[in-house]
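Undergrad: Next comes final15.json, JSON, C-alpha atoms and all ligand atoms:
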```json
[["chain", "number", "residue", "atom", "x", "y", "z"],
["D", 206, "GLU", "CA", 71.50, 102.53, 89.03],
["D", 207, "GLY", "CA", 74.73, 102.25, 87.09],
["D", 208, "VAL", "CA", 78.13, 102.97, 88.53],
["D", 209, "GLY", "CA", 80.06, 106.05, 87.40],
["D", 210, "PRO", "CA", 78.91, 109.31, 85.91],
["D", 211, "GLN", "CA", 75.50, 109.80, 84.35],
["D", 212, "GLU", "CA", 75.58, 111.46, 80.93],
["D", 213, "TYR", "CA", 72.65, 113.74, 80.12],
["D", 214, "THR", "CA", 71.74, 115.29, 76.82],
["D", 215, "VAL", "CA", 70.54, 118.69, 77.94],
["D", 216, "ILE", "CA", 68.14, 120.57, 75.69],
["D", 217, "LYS", "CA", 67.82, 124.34, 75.56],
["D", 218, "LEU", "CA", 64.28, 125.71, 75.96],
["D", 219, "LYS", "CA", 64.38, 129.35, 74.94],
["D", 220, "VAL", "CA", 62.15, 131.74, 76.88],
["D", 221, "ILE", "CA", 59.63, 133.40, 74.53],
["D", 222, "GLU", "CA", 57.46, 135.06, 77.16],
["D", 223, "TRP", "CA", 57.84, 135.12, 80.96],
["D", 224, "SER", "CA", 54.88, 134.38, 83.24],
["D", 225, "GLU", "CA", 53.54, 137.46, 85.09],
["D", 226, "LYS", "CA", 55.19, 136.32, 88.35],
["D", 227, "ALA", "CA", 58.51, 135.66, 86.64],
["D", 228, "LYS", "CA", 58.35, 139.13, 85.05],
["D", 229, "SER", "CA", 58.07, 140.77, 88.50],
["D", 230, "ALA", "CA", 60.70, 138.48, 90.00],
["D", 231, "ILE", "CA", 63.34, 139.37, 87.44],
["D", 232, "THR", "CA", 62.59, 143.10, 87.10],
["D", 233, "PRO", "CA", 65.41, 144.08, 89.53],
["D", 234, "PHE", "CA", 67.90, 142.20, 87.35],
["D", 235, "GLU", "CA", 66.66, 143.46, 83.99],
["D", 236, "HIS", "CA", 69.86, 145.39, 83.22],
["D", 237, "LEU", "CA", 71.88, 142.15, 83.55],
["D", 238, "LEU", "CA", 69.59, 140.08, 81.38],
["D", 239, "SER", "CA", 68.89, 142.32, 78.38],
["D", 240, "GLU", "CA", 70.25, 141.47, 74.93],
["D", 241, "LYS", "CA", 70.82, 137.83, 75.86],
["D", 242, "SER", "CA", 68.92, 134.65, 75.12],
["D", 243, "ILE", "CA", 67.61, 132.93, 78.22],
["D", 244, "PHE", "CA", 67.16, 129.14, 78.19],
["D", 245, "LEU", "CA", 65.61, 126.73, 80.65],
["D", 246, "VAL", "CA", 67.98, 123.81, 80.31],
["D", 247, "ALA", "CA", 66.28, 120.44, 80.66],
["D", 248, "ALA", "CA", 68.19, 117.23, 81.47],
["D", 249, "THR", "CA", 66.98, 114.55, 79.06],
["D", 250, "LEU", "CA", 63.43, 115.02, 78.59],
["D", 251, "ARG", "CA", 60.04, 116.85, 81.64],
["D", 252, "PRO", "CA", 58.68, 120.34, 83.11],
["D", 253, "GLU", "CA", 59.67, 121.55, 86.54],
["D", 254, "THR", "CA", 58.60, 122.05, 90.08],
["D", 255, "MET", "CA", 57.28, 124.48, 92.66],
["D", 256, "ARG", "CA", 59.64, 124.61, 95.62],
["D", 257, "ILE", "CA", 63.01, 124.40, 93.94],
["D", 258, "THR", "CA", 65.05, 127.59, 93.73],
["D", 259, "TYR", "CA", 66.61, 128.15, 90.33],
["D", 260, "GLY", "CA", 69.31, 130.54, 89.24],
["D", 261, "LEU", "CA", 69.92, 132.44, 86.02],
["D", 262, "PHE", "CA", 73.55, 131.85, 85.14],
["D", 263, "LYS", "CA", 75.68, 133.72, 82.64],
["D", 264, "ILE", "CA", 77.26, 131.08, 80.40],
["D", 265, "ASN", "CA", 78.90, 133.27, 77.74],
["D", 266, "GLU", "CA", 78.33, 136.57, 75.91],
["D", 267, "THR", "CA", 75.06, 135.37, 74.37],
["D", 268, "ASP", "CA", 73.47, 132.73, 76.61],
["D", 269, "ILE", "CA", 71.96, 132.62, 80.08],
["D", 270, "PHE", "CA", 70.88, 129.23, 81.50],
["D", 271, "LEU", "CA", 68.10, 128.74, 84.04],
["D", 272, "CYS", "CA", 68.76, 125.65, 86.21],
["D", 273, "THR", "CA", 69.75, 124.64, 89.75],
["D", 274, "LYS", "CA", 72.95, 126.11, 91.18],
["D", 275, "ARG", "CA", 74.22, 122.58, 91.64],
["D", 276, "ALA", "CA", 73.97, 121.95, 87.87],
["D", 277, "ALA", "CA", 75.53, 125.34, 87.07],
["D", 278, "ARG", "CA", 78.51, 124.47, 89.30],
["D", 279, "ASN", "CA", 79.00, 121.16, 87.49],
["D", 280, "MET", "CA", 78.59, 122.82, 84.08],
["D", 281, "ALA", "CA", 81.26, 125.38, 84.99],
["D", 282, "PHE", "CA", 83.75, 122.50, 85.03],
["D", 283, "GLN", "CA", 82.49, 121.13, 81.72],
["D", 284, "GLY", "CA", 83.01, 124.15, 79.48],
["D", 285, "TYR", "CA", 79.78, 126.03, 80.23],
["D", 286, "SER", "CA", 80.95, 129.20, 81.96],
["D", 287, "ASN", "CA", 83.09, 132.25, 81.22],
["D", 288, "GLU", "CA", 86.01, 130.78, 83.15],
["D", 289, "ARG", "CA", 86.62, 127.20, 84.26],
["D", 290, "GLY", "CA", 84.90, 126.57, 87.61],
["D", 291, "LEU", "CA", 83.47, 130.09, 87.81],
["D", 292, "VAL", "CA", 79.71, 130.40, 88.32],
["D", 293, "THR", "CA", 78.15, 133.77, 87.48],
["D", 294, "GLN", "CA", 74.65, 133.94, 88.94],
["D", 295, "LEU", "CA", 72.66, 136.94, 87.70],
["D", 296, "ALA", "CA", 69.31, 136.29, 89.40],
["D", 297, "GLU", "CA", 67.35, 133.77, 91.43],
["D", 298, "ILE", "CA", 63.78, 132.54, 90.94],
["D", 299, "LYS", "CA", 61.42, 129.98, 92.53],
["D", 300, "GLY", "CA", 59.93, 127.22, 90.40],
["D", 301, "ALA", "CA", 56.40, 128.36, 91.28],
["D", 302, "ALA", "CA", 57.04, 131.76, 89.65],
["D", 303, "LEU", "CA", 58.11, 130.14, 86.37],
["D", 304, "ILE", "CA", 54.86, 128.31, 85.76],
["D", 305, "GLY", "CA", 53.15, 129.66, 82.65],
["D", 306, "THR", "CA", 56.39, 130.88, 81.09],
["D", 307, "LYS", "CA", 56.33, 130.12, 77.37],
["D", 308, "VAL", "CA", 59.38, 128.39, 75.89],
["D", 309, "LYS", "CA", 60.41, 127.09, 72.48],
["D", 310, "ALA", "CA", 61.34, 123.40, 72.59],
["D", 311, "PRO", "CA", 63.78, 121.96, 70.01],
["D", 312, "LEU", "CA", 62.33, 119.50, 67.47],
["D", 313, "SER", "CA", 58.81, 120.26, 68.70],
["D", 314, "LYS", "CA", 55.91, 120.86, 66.33],
["D", 315, "TYR", "CA", 54.58, 123.46, 68.77],
["D", 316, "GLU", "CA", 55.51, 127.12, 68.29],
["D", 317, "GLY", "CA", 55.76, 127.35, 72.09],
["D", 318, "VAL", "CA", 54.98, 125.26, 75.18],
["D", 319, "TYR", "CA", 54.28, 126.32, 78.76],
["D", 320, "VAL", "CA", 56.29, 125.57, 81.87],
["D", 321, "LEU", "CA", 54.13, 123.37, 84.11],
["D", 322, "PRO", "CA", 54.54, 122.01, 87.64],
["D", 323, "MET", "CA", 55.42, 118.41, 88.46],
["D", 324, "GLU", "CA", 55.71, 116.87, 91.91],
["D", 325, "ASN", "CA", 58.74, 114.63, 92.51],
["D", 326, "VAL", "CA", 61.17, 116.71, 90.49],
["D", 327, "LEU", "CA", 64.43, 116.52, 92.40],
["D", 328, "SER", "CA", 66.79, 119.44, 92.93],
["D", 329, "THR", "CA", 69.60, 116.90, 93.28],
["D", 330, "LYS", "CA", 69.41, 115.35, 89.82],
["D", 331, "GLY", "CA", 70.12, 116.71, 86.35],
["D", 332, "THR", "CA", 69.33, 120.42, 85.96],
["D", 333, "GLY", "CA", 66.08, 120.45, 87.99],
["D", 334, "VAL", "CA", 64.23, 121.16, 84.75],
["D", 335, "VAL", "CA", 62.71, 118.32, 82.74],
["D", 336, "THR", "CA", 60.78, 118.05, 79.50],
["D", 337, "SER", "CA", 57.37, 116.40, 79.31],
["D", 338, "VAL", "CA", 56.97, 113.39, 77.05],
["D", 339, "PRO", "CA", 53.51, 112.03, 77.94],
["D", 340, "SER", "CA", 53.62, 109.49, 75.09],
["D", 341, "ASP", "CA", 56.59, 107.58, 76.53],
["D", 342, "SER", "CA", 57.01, 108.60, 80.16],
["D", 343, "PRO", "CA", 54.33, 107.27, 82.56],
["D", 344, "ASP", "CA", 55.29, 109.99, 85.09],
["D", 345, "ASP", "CA", 54.75, 112.70, 82.50],
["D", 346, "PHE", "CA", 51.44, 111.22, 81.33],
["D", 347, "ALA", "CA", 50.12, 110.85, 84.92],
["D", 348, "THR", "CA", 51.22, 114.43, 85.65],
["D", 349, "LEU", "CA", 49.48, 115.76, 82.54],
["D", 350, "GLN", "CA", 46.25, 113.97, 83.56],
["D", 351, "ASP", "CA", 46.49, 115.54, 87.05],
["D", 352, "LEU", "CA", 46.95, 118.99, 85.54],
["D", 353, "LYS", "CA", 43.96, 118.54, 83.22],
["D", 354, "LYS", "CA", 41.74, 117.20, 86.06],
["D", 355, "LYS", "CA", 42.66, 119.82, 88.64],
["D", 356, "PRO", "CA", 44.03, 122.98, 86.99],
["D", 357, "GLU", "CA", 42.80, 125.13, 89.89],
["D", 358, "TYR", "CA", 44.62, 122.94, 92.46],
["D", 359, "TYR", "CA", 47.86, 123.23, 90.48],
["D", 360, "ASN", "CA", 47.20, 126.92, 89.91],
["D", 361, "ILE", "CA", 47.56, 126.78, 86.13],
["D", 362, "ASN", "CA", 45.58, 128.10, 83.18],
["D", 363, "PRO", "CA", 43.82, 124.98, 81.72],
["D", 364, "ALA", "CA", 44.91, 126.08, 78.24],
["D", 365, "TRP", "CA", 48.57, 125.39, 79.20],
["D", 366, "ALA", "CA", 47.84, 121.66, 79.67],
["D", 367, "ASP", "CA", 45.42, 121.43, 76.76],
["D", 368, "PHE", "CA", 47.42, 119.09, 74.55],
["D", 369, "GLU", "CA", 47.40, 115.36, 73.85],
["D", 370, "PRO", "CA", 50.43, 113.01, 73.78],
["D", 371, "ILE", "CA", 51.98, 112.80, 70.30],
["D", 372, "PRO", "CA", 52.95, 109.27, 69.16],
["D", 373, "ILE", "CA", 56.74, 109.06, 68.73],
["D", 374, "ILE", "CA", 57.63, 105.39, 69.28],
["D", 375, "ASN", "CA", 55.79, 102.17, 68.37],
["D", 376, "THR", "CA", 56.32, 98.96, 70.32],
["D", 377, "PRO", "CA", 54.84, 95.53, 69.55],
["D", 378, "THR", "CA", 53.46, 95.20, 73.10],
["D", 379, "TYR", "CA", 52.05, 98.68, 73.82],
["D", 380, "GLY", "CA", 51.36, 100.26, 70.42],
["D", 381, "ASP", "CA", 51.94, 103.92, 69.53],
["D", 382, "LEU", "CA", 51.32, 105.46, 72.95],
["D", 383, "SER", "CA", 53.12, 103.27, 75.47],
["D", 384, "ALA", "CA", 52.86, 105.47, 78.56],
["D", 385, "PRO", "CA", 49.06, 105.98, 78.34],
["D", 386, "ALA", "CA", 48.63, 102.24, 77.59],
["D", 387, "VAL", "CA", 50.69, 101.09, 80.59],
["D", 388, "CYS", "CA", 49.13, 103.69, 82.91],
["D", 389, "LYS", "CA", 45.73, 102.21, 82.01],
["D", 390, "LEU", "CA", 46.99, 98.64, 82.48],
["D", 391, "LYS", "CA", 48.42, 99.50, 85.92],
["D", 392, "LYS", "CA", 45.35, 101.58, 86.87],
["D", 393, "ILE", "CA", 47.46, 104.66, 87.54],
["D", 394, "ASN", "CA", 45.31, 107.66, 88.45],
["D", 395, "SER", "CA", 47.81, 110.28, 89.51],
["D", 396, "GLN", "CA", 51.48, 111.20, 89.75],
["D", 397, "LYS", "CA", 51.15, 110.24, 93.43],
["D", 398, "ASP", "CA", 50.84, 106.51, 92.54],
["D", 399, "ARG", "CA", 54.59, 106.09, 93.01],
["D", 400, "VAL", "CA", 54.77, 102.28, 93.26],
["D", 401, "GLN", "CA", 52.75, 101.54, 90.10],
["D", 402, "LEU", "CA", 54.55, 104.36, 88.30],
["D", 403, "ALA", "CA", 57.94, 102.83, 89.07],
["D", 404, "GLU", "CA", 56.76, 99.52, 87.58],
["D", 405, "ALA", "CA", 55.20, 101.27, 84.57],
["D", 406, "LYS", "CA", 58.39, 103.24, 83.92],
["D", 407, "GLU", "CA", 60.43, 100.03, 83.88],
["D", 408, "LEU", "CA", 58.04, 98.27, 81.47],
["D", 409, "VAL", "CA", 57.76, 101.20, 79.04],
["D", 410, "TYR", "CA", 61.44, 102.02, 79.05],
["D", 411, "LYS", "CA", 62.60, 98.43, 78.45],
["D", 412, "GLU", "CA", 60.05, 97.70, 75.72],
["D", 413, "GLY", "CA", 60.83, 100.99, 73.96],
["D", 414, "PHE", "CA", 64.58, 100.54, 74.19],
["D", 415, "TYR", "CA", 64.70, 96.92, 72.94],
["D", 416, "ASN", "CA", 61.69, 96.72, 70.62],
["D", 417, "GLY", "CA", 60.76, 100.31, 69.79],
["D", 418, "THR", "CA", 60.61, 101.86, 66.32],
["D", 419, "MET", "CA", 60.45, 105.58, 65.61],
["D", 420, "ILE", "CA", 57.17, 106.64, 63.97],
["D", 421, "TYR", "CA", 57.71, 110.38, 63.98],
["D", 422, "GLU", "CA", 59.42, 112.53, 61.36],
["D", 423, "THR", "CA", 63.17, 112.69, 60.83],
["D", 424, "PHE", "CA", 64.11, 109.20, 62.03],
["D", 425, "LYS", "CA", 60.86, 107.45, 61.14],
["D", 426, "GLY", "CA", 61.44, 103.71, 60.59],
["D", 427, "ARG", "CA", 64.66, 103.52, 62.61],
["D", 428, "THR", "CA", 64.85, 101.48, 65.78],
["D", 429, "VAL", "CA", 65.05, 103.39, 69.05],
["D", 430, "GLN", "CA", 68.61, 102.11, 69.55],
["D", 431, "GLU", "CA", 69.64, 103.52, 66.16],
["D", 432, "ALA", "CA", 67.80, 106.80, 66.62],
["D", 433, "LYS", "CA", 69.15, 107.64, 70.10],
["D", 434, "PRO", "CA", 72.67, 108.71, 69.05],
["D", 435, "LEU", "CA", 71.38, 110.30, 65.84],
["D", 436, "ILE", "CA", 68.96, 112.59, 67.67],
["D", 437, "LYS", "CA", 71.59, 113.40, 70.26],
["D", 438, "ASP", "CA", 74.05, 114.41, 67.52],
["D", 439, "LEU", "CA", 71.39, 116.43, 65.72],
["D", 440, "LEU", "CA", 70.58, 118.42, 68.88],
["D", 441, "ILE", "CA", 74.26, 119.07, 69.55],
["D", 442, "SER", "CA", 75.31, 119.92, 65.98],
["D", 443, "THR", "CA", 72.47, 122.44, 65.65],
["D", 444, "GLY", "CA", 73.31, 124.10, 68.98],
["D", 445, "GLN", "CA", 69.97, 123.12, 70.50],
["D", 446, "GLY", "CA", 71.50, 120.86, 73.12],
["D", 447, "PHE", "CA", 74.73, 119.73, 74.76],
["D", 448, "ILE", "CA", 76.22, 116.97, 76.88],
["D", 449, "TYR", "CA", 76.36, 117.32, 80.63],
["D", 450, "ASN", "CA", 77.80, 114.78, 83.10],
["D", 451, "GLU", "CA", 77.24, 114.38, 86.82],
["X", 501, "LIG", "B1", 63.36, 111.29, 81.34],
["X", 501, "LIG", "P1", 68.02, 108.42, 85.36],
["X", 501, "LIG", "CL1", 60.20, 109.94, 77.61],
["X", 501, "LIG", "N1", 63.97, 115.05, 88.99],
["X", 501, "LIG", "O1", 63.20, 112.22, 80.27],
["X", 501, "LIG", "C1", 63.22, 114.01, 88.60],
["X", 501, "LIG", "N2", 63.35, 113.39, 87.43],
["X", 501, "LIG", "C2", 64.30, 113.84, 86.61],
["X", 501, "LIG", "C3", 65.14, 114.92, 86.94],
["X", 501, "LIG", "C4", 64.93, 115.56, 88.19],
["X", 501, "LIG", "N3", 65.65, 116.62, 88.60],
["X", 501, "LIG", "N4", 65.99, 115.16, 85.92],
["X", 501, "LIG", "C5", 65.70, 114.25, 84.97],
["X", 501, "LIG", "N5", 64.68, 113.45, 85.36],
["X", 501, "LIG", "C6", 64.02, 112.34, 84.67],
["X", 501, "LIG", "C7", 62.17, 111.81, 79.33],
["X", 501, "LIG", "C8", 61.85, 110.44, 79.70],
["X", 501, "LIG", "C9", 62.49, 110.10, 80.87],
["X", 501, "LIG", "C10", 61.04, 109.53, 79.05],
["X", 501, "LIG", "C11", 60.87, 108.29, 79.59],
["X", 501, "LIG", "C12", 61.53, 107.95, 80.76],
["X", 501, "LIG", "C13", 62.37, 108.86, 81.40],
["X", 501, "LIG", "C14", 60.96, 112.67, 79.35],
["X", 501, "LIG", "N6", 60.53, 113.00, 80.61],
["X", 501, "LIG", "O2", 63.05, 108.59, 82.52],
["X", 501, "LIG", "O3", 67.54, 107.51, 86.43],
["X", 501, "LIG", "C15", 64.05, 112.50, 83.18],
["X", 501, "LIG", "O4", 62.93, 111.90, 82.56],
["X", 501, "LIG", "C16", 62.92, 107.29, 83.08],
["X", 501, "LIG", "C17", 64.00, 107.05, 84.11],
["X", 501, "LIG", "O5", 69.06, 109.42, 85.81],
["X", 501, "LIG", "C18", 65.21, 111.64, 82.72],
["X", 501, "LIG", "O6", 64.78, 111.03, 81.50],
["X", 501, "LIG", "O7", 68.35, 107.75, 84.08],
["X", 501, "LIG", "C19", 65.33, 110.61, 83.81],
["X", 501, "LIG", "O8", 64.73, 111.17, 84.99],
["X", 501, "LIG", "C20", 66.76, 110.23, 84.07],
["X", 501, "LIG", "O9", 66.73, 109.26, 85.05]]
```
Now that the file is in, can you turn its structure into C-alpha cells?
TA:
Amino acid sequence: EGVGPQEYTVIKLKVIEWSEKAKSAITPFEHLLSEKSIFLVAATLRPETMRITYGLFKINETDIFLCTKRAARNMAFQGYSNERGLVTQLAEIKGAALIGTKVKAPLSKYEGVYVLPMENVLSTKGTGVVTSVPSDSPDDFATLQDLKKKPEYYNINPAWADFEPIPIINTPTYGDLSAPAVCKLKKINSQKDRVQLAEAKELVYKEGFYNGTMIYETFKGRTVQEAKPLIKDLLISTGQGFIYNE
C-alpha cells in the first residue's frame, strides 16, 4: 500500500428501477427523494454487499448519492455537499435490500445493469459500492461465477448475472480476457479462494498496467497507461464521475 491519500475516480450509477425491497425500504422517505436523480456512487470499478448499511445523501439540488456514511462525510469536505462538512442524510438502506436494483452505468453498452452481492466488500474503503469488471478483475470474475452457479444461495434472479465478461484490454501474456485466464491458471473456483485471488489480482493488474492495450471503443489502440487519464477526464468532463480522496 502506498503512503498518503488514495485517489478514487468515482462513477455515478443512476437508479433506473429500485428492487422490490428497496422500494418498501424507501417509501417513508419518498417526499424527500422525489424530483431528484439518485446515484449509487462506485469507487473505481465492482457491485456491493449484503450487510453494509448505506445512506442516501443530499449532495445538491439535483443529486442524491447512495454510499457509506463514512464516504459521505469525506465527500462533504471535498465539495460534495450543500455546505462544507455538512452531511445531509435523507434515508438509510441495507445492502441486501438493494440487490436487483437496476442502474445505468457510464460508458457501458448495457441499457441497465443490476446491483449484485459480493462478499469481501469493505465498508471502510472507497464508497462501499464497486463496479464489476469480470474481464480484468479476478475478484469480480470469481464472484460472477459464484452468482451464476448458485443464484438461489445468493438470493438473486439468475437473469441478473446472465452476462459474459466483455474484452476491454489485451495483454501479451493473458490475451483479451485476463481475469478469466488467470483464474483458470490459478484454479480459482470461488470468491472465497482469497490467497489465490490475491496472487491473481497482482498478476493481472501488473500485466495490464505495463503491457496492456485497449481493445474496446473510444480509446482502442492506446496503451493502458495512456488511456487511464483520458478515460478519467472523459468521465469527469461529462459529469458521469468525479474525484474523491481518502
Ligand atoms: B477495482 P486499492 Cl478491473 N471493498 O475496480 C472492497 N474492494 C473495494 C472497495 C471496497 N469498499 N472499494 C473499491 N474496491 C476495489 C475495478 C478493478 C479493481 C479492476 C481490477 C482490479 C481492481 C473493477 N472492480 O482492484 O487497493 C475496487 O476494485 C485491484 C486492487 O485501494 C478498486 O479498483 O487500490 C480497488 O479495490 C482499489 O483498491
Undergrad: Could you list the protein, DNA and RNA residues that have any atom within 10 Å of ligand LIG 501 (chain X), counting only C-alpha atoms and all ligand atoms, and write them as a PyMOL selection string?
TA: chain D and resi 206-207+210-215+247-254+257+272-273+276+323-346+373-374+383-384+403+405-407+409-411+413+451
Undergrad: Can you pull out the residues contacting region 390-398 of chain D? Cut-off 6 Å, using only C-alpha atoms, and skip same-chain residues under 5 positions away; I want them as a list in words.
TA: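 Surrounding residues, per the criterion: Ala347, Thr348 and Asp351 of chain D.
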Undergrad: Taking all atoms listed in the file into account, name the residue in D:Tyr285, D:Lys219, D:Phe424, D:Pro377 that is nearest to Lys437 (chain D).
TA: D:Phe424
Undergrad: Given the point (67.8, 124.0, 73.0) in the coordinates of this file, which residues lie within 10 Å, counting only C-alpha atoms, and how would they look as a ChimeraX atom specification?
TA: /D:215-219,244-247,308-312,440-441,443-447
Undergrad: From the options D:Ala366, D:Leu237, D:Ile304, D:Ala386, which residue's atoms come nearest to Gln350 (chain D), counting only C-alpha atoms?
TA: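 Closest to Gln350 (chain D), using only C-alpha atoms: D:Ala366.
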Undergrad: How many Å separate CA of Val318 (chain D) from CA of Lys228 (chain D)?
TA: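 Computed distance, CA of Val318 (chain D) to CA of Lys228 (chain D), equals 17.4 Å.
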Undergrad: Counting only C-alpha atoms, which residue out of D:Val387, D:Leu402, D:Val429, D:Ala281 sits closest to Tyr415 (chain D)?
TA: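 When distances to Tyr415 (chain D) are compared using only C-alpha atoms, the smallest one comes from D:Val429.
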Undergrad: Compare D:Lys263, D:Leu271, D:Gly305, D:Glu316 by their minimum atom-to-atom distance to Ser286 (chain D), counting only C-alpha atoms, and give me the closest one.
TA: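 Among the listed residues, D:Lys263 lies closest to Ser286 (chain D).
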Undergrad: Within 6 Å of (53.0, 123.3, 80.9) (file coordinates; only C-alpha atoms), which protein or nucleic acid residues are there? I'd like them as a PDB file with C-alpha atoms, in the coordinates of the input.
TA:
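Printed below is result.pdb as written:
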```pdb
ATOM      1  CA  TYR D 319      54.280 126.320  78.760  1.00  0.00           C
ATOM      2  CA  VAL D 320      56.290 125.570  81.870  1.00  0.00           C
ATOM      3  CA  LEU D 321      54.130 123.370  84.110  1.00  0.00           C
ATOM      4  CA  TRP D 365      48.570 125.390  79.200  1.00  0.00           C
ATOM      5  CA  ALA D 366      47.840 121.660  79.670  1.00  0.00           C
TER       6      ALA D 366
END
```
Undergrad: Kindly give the distance, in Å, that separates CA of Gly300 (chain D) and CA of Ile361 (chain D), rounded to a single decimal.
TA: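 Value for the CA of Gly300 (chain D)-CA of Ile361 (chain D) distance: 13.1 Å.
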